[in-house]
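Listing of start_30.cif; format and content: mmCIF, C-alpha atoms.
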data_upload
loop_
_atom_site.label_atom_id
_atom_site.label_comp_id
_atom_site.auth_asym_id
_atom_site.auth_seq_id
_atom_site.Cartn_x
_atom_site.Cartn_y
_atom_site.Cartn_z
CA MET A 1 0.00 0.00 0.00
CA SER A 2 1.43 3.36 -1.01
CA ASP A 3 1.70 6.30 1.37
CA HIS A 4 -0.86 8.18 -0.75
CA CYS A 5 -3.37 5.35 -0.48
CA GLU A 6 -3.04 5.19 3.29
CA GLU A 7 -3.40 8.97 3.58
CA GLN A 8 -6.49 8.93 1.35
CA GLU A 9 -8.11 6.19 3.43
CA MET A 10 -7.43 8.17 6.61
CA GLU A 11 -9.10 11.23 5.05
CA ALA A 12 -12.12 9.11 4.10
CA GLU A 13 -12.42 7.90 7.71
CA ALA A 14 -12.26 11.48 8.96
CA LEU A 15 -14.94 12.65 6.51
CA ALA A 16 -17.19 9.75 7.51
CA ALA A 17 -16.80 10.69 11.17
CA ILE A 18 -17.62 14.36 10.46
CA PHE A 19 -20.47 14.06 7.95
CA ASP A 20 -21.84 10.69 9.11
CA THR A 21 -24.48 9.39 6.67
CA ALA A 22 -24.03 12.41 4.39
CA PHE A 23 -20.66 10.95 3.33
CA GLU A 24 -20.73 8.23 0.71
CA VAL A 25 -17.94 6.12 -0.79
CA LYS A 26 -18.70 5.69 -4.48
CA SER A 27 -15.62 3.58 -5.15
CA ALA A 28 -13.69 1.75 -2.42
CA GLN A 29 -10.84 0.86 -4.78
CA GLN A 30 -8.22 3.23 -6.16
CA PRO A 31 -8.84 5.61 -7.67
CA PHE A 32 -11.33 6.38 -4.90
CA SER A 33 -14.54 8.26 -5.51
CA TRP A 34 -16.43 10.07 -2.73
CA ALA A 35 -19.63 12.11 -2.40
CA VAL A 36 -20.84 14.45 0.37
CA ARG A 37 -24.43 15.66 0.64
CA LEU A 38 -24.60 19.26 1.92
CA VAL A 39 -27.45 21.43 3.22
CA PRO A 40 -27.39 24.86 4.88
CA VAL A 41 -28.87 23.65 8.21
CA ASP A 42 -28.08 20.28 9.76
CA CYS A 43 -31.27 18.96 11.36
CA GLY A 44 -29.74 15.81 12.82
CA GLY A 45 -31.35 13.43 10.34
CA ASP A 46 -34.90 14.73 10.78
CA GLU A 47 -36.06 14.69 7.15
CA GLU A 48 -39.28 16.60 7.78
CA GLU A 49 -37.52 19.41 9.63
CA GLU A 50 -34.72 19.44 7.09
CA ALA A 51 -37.26 19.96 4.28
CA LYS A 52 -38.69 22.98 6.14
CA GLN A 53 -35.38 24.58 7.06
CA ASN A 54 -33.38 23.96 3.88
CA HIS A 55 -34.48 25.38 0.53
CA VAL A 56 -31.28 24.37 -1.28
CA ALA A 57 -29.10 21.28 -1.25
CA VAL A 58 -26.23 19.87 -3.30
CA LYS A 59 -23.87 16.93 -3.42
CA VAL A 60 -20.12 17.39 -3.83
CA LEU A 61 -18.60 14.67 -5.99
CA ALA A 62 -14.84 14.00 -5.81
CA SER A 63 -12.69 11.65 -7.87
CA ILE A 64 -9.38 11.10 -6.06
CA PRO A 65 -6.21 10.74 -8.21
CA LEU A 66 -3.62 8.17 -7.19
CA ASP A 67 -1.12 10.85 -6.14
CA TYR A 68 -3.64 12.98 -4.22
CA PRO A 69 -3.15 15.22 -2.21
CA GLU A 70 -0.09 16.20 -4.26
CA SER A 71 -2.46 16.66 -7.19
CA LEU A 72 -5.93 18.21 -7.11
CA PRO A 73 -9.10 16.09 -6.89
CA GLU A 74 -11.57 16.13 -9.78
CA LEU A 75 -14.67 17.89 -8.45
CA ASP A 76 -18.26 18.21 -9.58
CA ILE A 77 -21.49 19.59 -8.07
CA GLU A 78 -24.81 17.76 -8.26
CA ILE A 79 -27.92 19.86 -7.55
CA LEU A 80 -30.35 18.17 -5.19
CA LYS A 81 -32.75 21.00 -4.44
CA GLY A 82 -33.54 24.62 -5.19
CA LEU A 83 -30.65 25.69 -7.47
CA ALA A 84 -30.25 26.38 -11.17
CA GLU A 85 -27.36 25.67 -13.52
CA ASP A 86 -25.84 29.09 -12.97
CA GLN A 87 -25.58 28.43 -9.23
CA ARG A 88 -24.11 24.98 -9.90
CA LYS A 89 -21.34 26.53 -12.00
CA GLU A 90 -20.70 29.16 -9.36
CA LEU A 91 -20.44 26.51 -6.67
CA LEU A 92 -18.09 24.40 -8.80
CA GLU A 93 -15.77 27.37 -9.29
CA LEU A 94 -15.83 28.00 -5.56
CA ALA A 95 -15.04 24.36 -4.77
CA GLU A 96 -12.15 24.20 -7.26
CA ALA A 97 -10.66 27.46 -5.92
CA GLU A 98 -10.79 26.09 -2.38
CA ALA A 99 -9.11 22.86 -3.49
CA GLU A 100 -6.30 24.84 -5.15
CA ALA A 101 -5.84 26.87 -1.96
CA ASN A 102 -5.29 23.61 -0.05
CA GLU A 103 -3.11 21.86 -2.63
CA GLY A 104 -0.64 19.45 -1.06
CA MET A 105 -2.89 18.59 1.88
CA PRO A 106 -6.28 16.88 2.43
CA ALA A 107 -8.72 19.40 0.95
CA LEU A 108 -12.18 17.81 0.85
CA PHE A 109 -13.29 19.07 4.26
CA ALA A 110 -12.31 22.66 3.38
CA VAL A 111 -14.11 22.34 0.04
CA CYS A 112 -17.30 21.09 1.71
CA GLU A 113 -17.21 23.86 4.32
CA ALA A 114 -16.88 26.53 1.62
CA VAL A 115 -19.82 25.07 -0.32
CA ARG A 116 -21.96 24.79 2.80
CA ALA A 117 -21.21 28.41 3.74
CA TRP A 118 -22.40 29.49 0.29
CA LEU A 119 -25.58 27.45 0.72
CA GLY A 120 -26.20 29.13 4.07
CA ASP A 121 -25.91 32.57 2.50
CA ASN A 122 -28.28 31.59 -0.32
CA ASN A 123 -30.83 29.48 1.52
CA GLU A 124 -33.81 30.98 -0.28
CA LYS A 125 -36.76 29.71 -2.25
CA GLY A 126 -36.97 30.20 -5.98
CA LEU A 127 -33.27 30.12 -6.89
CA ASP A 128 -34.04 27.40 -9.40
CA ASP A 129 -36.51 29.67 -11.20
CA GLY A 130 -35.07 30.43 -14.64
CA SER A 131 -37.46 33.24 -15.54
CA MET A 132 -36.17 36.73 -16.31
CA HIS A 133 -37.88 38.16 -13.25
CA ALA A 134 -36.29 35.59 -10.94
CA GLN A 135 -32.87 36.20 -12.46
CA MET A 136 -33.24 39.96 -12.00
CA MET A 137 -34.27 39.47 -8.36
CA ARG A 138 -31.30 37.19 -7.72
CA LYS A 139 -28.94 39.66 -9.34
CA LYS A 140 -30.35 42.45 -7.22
CA LYS A 141 -29.87 40.42 -4.05
CA GLU A 142 -26.34 39.53 -5.03
CA GLU A 143 -25.51 43.19 -5.60
CA LYS A 144 -27.00 44.08 -2.22
CA ARG A 145 -25.02 41.31 -0.53
CA SER A 146 -21.83 42.42 -2.27
CA LYS A 147 -22.42 46.02 -1.18
CA GLU A 148 -22.98 44.97 2.45
CA LYS A 149 -19.80 42.93 2.36
CA LYS A 150 -17.78 45.88 1.07
CA GLU A 151 -19.26 48.11 3.78
CA GLN A 152 -18.29 45.59 6.43
CA GLN A 153 -14.75 45.48 5.08
CA PHE A 154 -14.61 49.29 5.04
CA GLU A 155 -15.83 49.52 8.65
CA ALA A 156 -13.31 46.90 9.75
CA GLN A 157 -10.52 48.82 8.04
CA LYS A 158 -11.72 52.07 9.60
CA ILE A 159 -11.75 50.55 13.08
CA GLU A 160 -8.25 49.19 12.55
CA GLU A 161 -6.98 52.63 11.50
CA GLU A 162 -8.57 54.24 14.56
CA MET A 163 -6.80 51.93 16.98
CA THR A 164 -4.72 53.68 19.60
CA GLN A 165 -1.01 53.16 19.95
CA ALA A 166 -1.58 51.16 23.13
CA GLU A 167 -3.93 48.77 21.33
CA LEU A 168 -1.42 48.30 18.53
CA GLU A 169 1.31 47.55 21.06
CA GLU A 170 -1.00 45.06 22.80
CA ILE A 171 -1.64 43.30 19.49
CA ALA A 172 2.09 43.21 18.80
CA VAL A 173 2.73 41.69 22.25
CA ARG A 174 0.11 39.00 21.69
CA LYS A 175 1.58 38.22 18.30
CA ARG A 176 5.06 37.89 19.79
CA ARG A 177 3.71 35.59 22.48
CA ALA A 178 2.04 33.41 19.88
CA GLU A 179 4.94 33.35 17.42
CA GLY A 180 7.85 33.75 19.86
CA THR A 181 10.71 36.25 19.78
CA PRO A 182 13.74 35.36 17.61
CA CYS A 183 16.93 35.28 19.67
CA THR A 184 19.61 37.53 18.20
CA GLU A 185 22.93 38.65 19.65
CA GLU A 186 21.58 42.15 20.17
CA ASN A 187 18.43 41.26 22.11
CA PHE A 188 20.30 38.54 24.05
CA LEU A 189 22.93 41.01 25.28
CA ALA A 190 20.17 43.46 26.24
CA TRP A 191 18.37 40.74 28.17
CA LYS A 192 21.62 39.62 29.84
CA ALA A 193 22.47 43.17 31.02
CA LYS A 194 18.96 43.64 32.43
CA TYR A 195 19.06 40.25 34.14
CA GLU A 196 22.44 40.91 35.79
CA GLU A 197 21.25 44.31 37.00
CA GLU A 198 18.16 42.74 38.55
CA MET A 199 20.28 40.05 40.25
CA GLU A 200 22.68 42.64 41.72
CA GLN A 201 19.79 44.70 43.06
CA LYS A 202 18.21 41.60 44.56
CA ALA A 203 21.52 40.61 46.22
CA GLU A 204 21.89 44.09 47.74
CA GLU A 205 18.35 43.99 49.13
CA GLU A 206 18.96 40.54 50.62
CA ALA A 207 22.23 41.72 52.22
CA GLU A 208 20.49 44.72 53.79
CA GLN A 209 17.73 42.49 55.08
CA ASP A 210 20.24 40.02 56.55
CA GLU A 211 22.11 42.89 58.23
CA LYS A 212 18.93 44.22 59.81
CA GLU A 213 17.90 40.77 60.96
CA GLY A 214 21.44 40.12 62.33
CA ALA A 215 21.44 43.34 64.39
CA GLY A 216 18.05 42.56 65.82
CA LYS A 217 19.12 39.02 66.66
CA LYS A 218 22.29 40.20 68.45
CA LYS A 219 20.24 42.65 70.56
CA ALA A 220 17.77 39.93 71.45
CA ASP A 221 20.57 37.50 72.39
CA ARG A 222 22.25 40.13 74.59
CA LYS A 223 19.01 40.84 76.42
CA LYS A 224 18.46 37.14 76.85
CA ASP A 225 21.93 36.71 78.38
CA GLU A 226 21.31 39.60 80.81
CA MET A 227 18.05 38.09 81.92
CA ALA A 228 19.71 34.71 82.37
CA ASP A 229 22.26 36.22 84.86
CA ARG A 230 19.54 37.76 87.01
CA PRO A 231 18.19 35.63 89.92
CA THR A 232 14.60 34.61 89.88
CA GLY A 233 12.09 35.54 92.58
CA TYR A 234 12.28 32.03 93.97
CA GLU A 235 16.05 32.24 94.20
CA LEU A 236 15.88 35.65 95.90
CA PHE A 237 13.60 34.50 98.73
CA SER A 238 14.90 30.96 99.10
CA GLY A 239 18.50 32.00 99.61
CA LYS A 240 19.79 30.23 96.52
CA ALA A 241 20.93 33.54 95.07
CA GLY A 242 22.95 34.39 98.21
CA VAL A 243 20.46 37.01 99.51
CA MET A 244 19.18 36.72 103.10
CA ASN A 245 21.25 33.54 103.53
CA LEU A 246 22.59 33.61 107.12
CA GLU A 247 24.75 30.56 106.71
CA ALA A 248 26.54 32.10 103.73
CA LEU A 249 27.12 35.31 105.69
CA GLU A 250 28.67 33.41 108.57
CA GLU A 251 30.94 31.55 106.17
CA GLU A 252 32.03 34.83 104.66
CA LEU A 253 32.79 36.18 108.13
CA ASP A 254 34.89 33.13 108.94
CA ASP A 255 36.84 33.69 105.73
CA VAL A 256 37.44 37.31 106.66
CA GLU A 257 38.67 36.25 110.11
CA ASP A 258 41.05 33.70 108.64
CA ASP A 259 42.41 36.05 106.00
CA ASP A 260 42.70 39.35 107.92
CA GLY A 261 42.79 38.26 111.55
CA VAL A 262 39.58 40.04 112.34
CA GLU A 263 37.68 38.80 115.39
CA VAL A 264 34.08 38.09 114.65
CA ASP A 265 33.04 39.08 118.17
CA GLU A 266 34.60 42.50 117.63
CA LEU A 267 32.39 43.22 114.61
CA ASP A 268 29.56 45.59 115.24
CA VAL A 269 26.62 43.58 113.96
CA ASP A 270 23.01 44.41 114.58
CA GLU A 271 21.58 40.98 115.27
CA ASP A 272 18.03 42.33 115.19
CA LEU A 273 18.36 42.54 111.41
CA PHE A 274 18.73 38.78 111.23
CA ASP A 275 16.25 37.85 113.89
CA ASP A 276 13.14 36.74 112.07
CA ASP A 277 11.40 35.14 115.03
CA ASP A 278 9.46 38.34 115.78
CA ASP A 279 8.04 38.30 112.28
CA LEU A 280 6.59 34.86 112.91
CA ASP A 281 4.65 35.92 116.00
CA ASP A 282 1.85 37.36 113.90
CA LEU A 283 1.31 34.08 112.09
CA ASP A 284 -1.41 31.76 113.43
CA PHE A 285 -0.58 28.12 112.88
CA ASP A 286 -3.65 26.86 114.81
CA ASP A 287 -5.14 23.78 113.17
CA SER A 288 -8.56 25.28 113.68
CA ASP A 289 -8.06 27.33 110.50
CA ASP A 290 -8.39 24.16 108.48
CA GLU A 291 -11.77 23.35 109.96
CA ASP A 292 -14.89 24.35 108.18
CA PRO A 293 -16.45 27.52 109.57
CA GLU A 294 -19.79 27.19 111.27
CA ILE A 295 -22.69 28.22 109.09
#

Any chance you could give the structure as structure tokens?
Amino acid sequence: MSDHCEEQEMEAEALAAIFDTAFEVKSAQQPFSWAVRLVPVDCGGDEEEEAKQNHVAVKVLASIPLDYPESLPELDIEILKGLAEDQRKELLELAEAEAEANEGMPALFAVCEAVRAWLGDNNEKGLDDGSMHAQMMRKKKEEKRSKEKKEQQFEAQKIEEEMTQAELEEIAVRKRRAEGTPCTEENFLAWKAKYEEEMEQKAEEEAEQDEKEGAGKKKADRKKDEMADRPTGYELFSGKAGVMNLEALEEELDDVEDDDGVEVDELDVDEDLFDDDDDLDDLDFDDSDDEDPEI
């Protein structure tokens, strides 16, 4: 099996999945032949509703050459409803132009979409009427449609010209994001200089922050050390810190006597300062305090 044959079969599978029963394989052997029935409004297979909604319908016929898609398919248009020969020729020209625009790639889906769009724009009764009056009416409608299309193009161009500089820059940014920015020596060096500048600024800010945090930490550590050297309330009143500890005072006096020959008895000491017995007289240690009071 050639690569072209495999590619053509894959396209046929895709068309069958998209158009469902509207796609028909006329010839399953090479050269393949396909047909696609097209209407302006897809009614999901409801024939009665389709007859009401669609006033025109055609079938696109395609004969697939062996080397397709490198070569163009042979196309034809079969009128199913509501169109005259002039419209058939117009549709055939449209289909062939679309096939040429997609030369080198699978083109049948694009061809069918172009034909269906035309059918949607011309979904009217009486297009198959060949009388002079009908032709004049169709020509008039075509001129009106062409005029409206030109006006739409003019308005679009006018809006584009009136765009502000900011909008144009925004469009350019979006385009660069979608397409990417080519890397040249010039823009790379510019990016590198900006990046290094940002890194230096960031390093300076981090150094300043570390310095501030270091100073604050040193102050906190110093305060912590000072608090650690101070005795607690428990130590102050229990004698563990050396305050109000009579035994420690006596030991210190003995050391003074041994070192300097000072007689302890000769020291003028006010013993009342160390006599705490009077302070205990006011305390009542009677067990009766623990008893429940009479109610």

Starting from the shown file, work through the PyMOL selection byres ((chain A and resi 37) around 9) and note down what comes out as a PyMOL selection string. chain A and resi 19+21-24+35-36+38-39+57-61+80

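Shortest atom-to-atom contact with Gln87 (chain A) among A:Ala178, A:Cys112, A:Leu119, A:Met105: A:Leu119, counting all atoms listed in the file.
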
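Near His55 (chain A), within 7 Å and counting all atoms listed in the file, sit A:Lys81, A:Gly82, A:Asn123, A:Glu124, A:Lys125, not including residues fewer than 4 positions from it in the same chain.
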
Just-selected residues, C-alpha atoms written as a PDB file, in the coordinates of the input:
ATOM      1  CA  LYS A  81     -32.750  21.000  -4.440  1.00  0.00           C
ATOM      2  CA  GLY A  82     -33.540  24.620  -5.190  1.00  0.00           C
ATOM      3  CA  ASN A 123     -30.830  29.480   1.520  1.00  0.00           C
ATOM      4  CA  GLU A 124     -33.810  30.980  -0.280  1.00  0.00           C
ATOM      5  CA  LYS A 125     -36.760  29.710  -2.250  1.00  0.00           C
TER       6      LYS A 125
END

Proximity to Gly104 (chain A) - best of A:Ala62, A:Ala28, A:Ala166, A:Leu72, only C-alpha atoms: A:Leu72

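Relative to CA of Lys141 (chain A), CA of Leu94 (chain A) is found at 18.8 Å.
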
Between CA of Ile79 (chain A) and CA of Val111 (chain A), what is the spacing in Å? 16.0 Å

Matched chain/residue IDs from the PyMOL selection byres ((chain A and resi 66) around 8), as a list in words: His4, Cys5, Gln30, Pro31, Ile64, Pro65, Asp67 and Tyr68 of chain A

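Atom to atom, CA of Ala17 (chain A) and CA of Phe109 (chain A) stand 11.4 Å apart.
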
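Closest approach to Leu108 (chain A) from the set A:Asp86, A:Asp76, A:Glu48, A:Glu11 is made by A:Glu11, with distances taken over all atoms listed in the file.
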
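Among the candidates A:Asn187, A:Leu83, A:Ala51, A:Ala110, the one nearest to Ala95 (chain A) when counting only C-alpha atoms is A:Ala110.
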
Which of these residues is nearest to Ser146 (chain A), using all atoms listed in the file: A:Asp20, A:Asp121, A:Glu213, A:Glu167? A:Asp121

Contacts of Glu103 (chain A) at 10 Å (all atoms listed in the file; same-chain gap of 5+ positions) as a ChimeraX atom specification: /A:68-73,97-98
